[in-house]
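Report on the structure given below.
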Amino acid sequence: MQILIITKNLEFLKKQHYNARHWCYAWQLGKKHEKYRANDDGEPINSAGTPIYGQLQAFEVTNVLVVVVRYFGGTKLGIGGLIKAYKTAAKLALENSEIIQKTIKKD
C-alpha cells in the first residue's frame, strides 16, 4: 500500500513538472528501514538517489519519500556537483519539513 502511494506521488510530480529533466528520489519504509530505494533517474550512477538516501539516514526518518526535481539550466555540474546539489536539496527539504514522530506498532 505504501509503495503505491509513493508511485502516485511520483506520477503527480512528473505531471506537475513535465518540463523537468530528472525526478531523483529516495524513500525508506518500516520500523527497521527494511524497505528502501534510491533512484538516479538518468543521472550518473549514485550521483542523485544515494545522496538523497544518505540524508534520510542522517535524519533517522522512515516512512518518507524525498524527491528532488531538476531542470537543466545549461550548466553541467559534473558528478561531484550533482552529488552536492542533490544532498543539499534533500537536507534543506528535511530541515524545513515538519517531522512527525509516531510509534510504529507493526513490523
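Letters A, B, ... go to the chains of the C-alpha cells in the order shown; residues in each chain start at 1; ligands are counted from 1 in the same order.
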
task: Write out as a VMD selection string which residues come within 8 Å of stretch 88-91 of chain A when counting only C-alpha atoms, dropping same-chain ones fewer than 3 positions away.
output: chain A and resid 52 55 66 to 68 84 to 85 94 to 95

Create the file for the chosen residues now, containing C-alpha atoms and written as a PDB file, in the first residue's frame.
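Written out: part15.pdb:
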```pdb
ATOM      1  CA  ILE A  52      19.205  11.838  -1.065  1.00  0.00           C
ATOM      2  CA  GLN A  55      20.016  12.373   4.168  1.00  0.00           C
ATOM      3  CA  VAL A  66      12.092  12.784  -0.804  1.00  0.00           C
ATOM      4  CA  VAL A  67      12.044  13.789  -4.467  1.00  0.00           C
ATOM      5  CA  VAL A  68      14.373  16.365  -5.983  1.00  0.00           C
ATOM      6  CA  LYS A  84      26.489  18.111  -3.616  1.00  0.00           C
ATOM      7  CA  ALA A  85      23.360  19.598  -5.200  1.00  0.00           C
ATOM      8  CA  LEU A  94      14.158  17.760   5.564  1.00  0.00           C
ATOM      9  CA  GLU A  95      15.345  20.694   7.685  1.00  0.00           C
TER      10      GLU A  95
END
```

message: I'd like the neighbourhood of stretch 32-41 of chain A as a ChimeraX atom specification, where a residue qualifies if any of its atoms comes within 12 Å (using only C-alpha atoms), though same-chain residues fewer than 4 positions away should be ignored.
response: /A:2-3,6,10,14,20-28,45-57,60-70,79,82-83,86,104-107

task: If you run DSSP over the backbone, which residues in chain A end up helix (DSSP H, G or I)? Put them as a PyMOL selection string.
output: chain A and resi 2-16+49-58+78-95

query: Of the candidates A:Leu77, A:Leu13, A:Leu92, A:Ile5, which one gets nearest to A:Leu29 if we count only C-alpha atoms?
result: A:Ile5

message: Please extract the residues of stretch 31-92 of chain A with a backbone DSSP assignment of strand (DSSP E) and present them as a ChimeraX atom specification.
response: /A:35-39,64-70

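What separates atom CA of A:Asn9 from atom CA of A:Gly74 is a distance of 27.5 Å.
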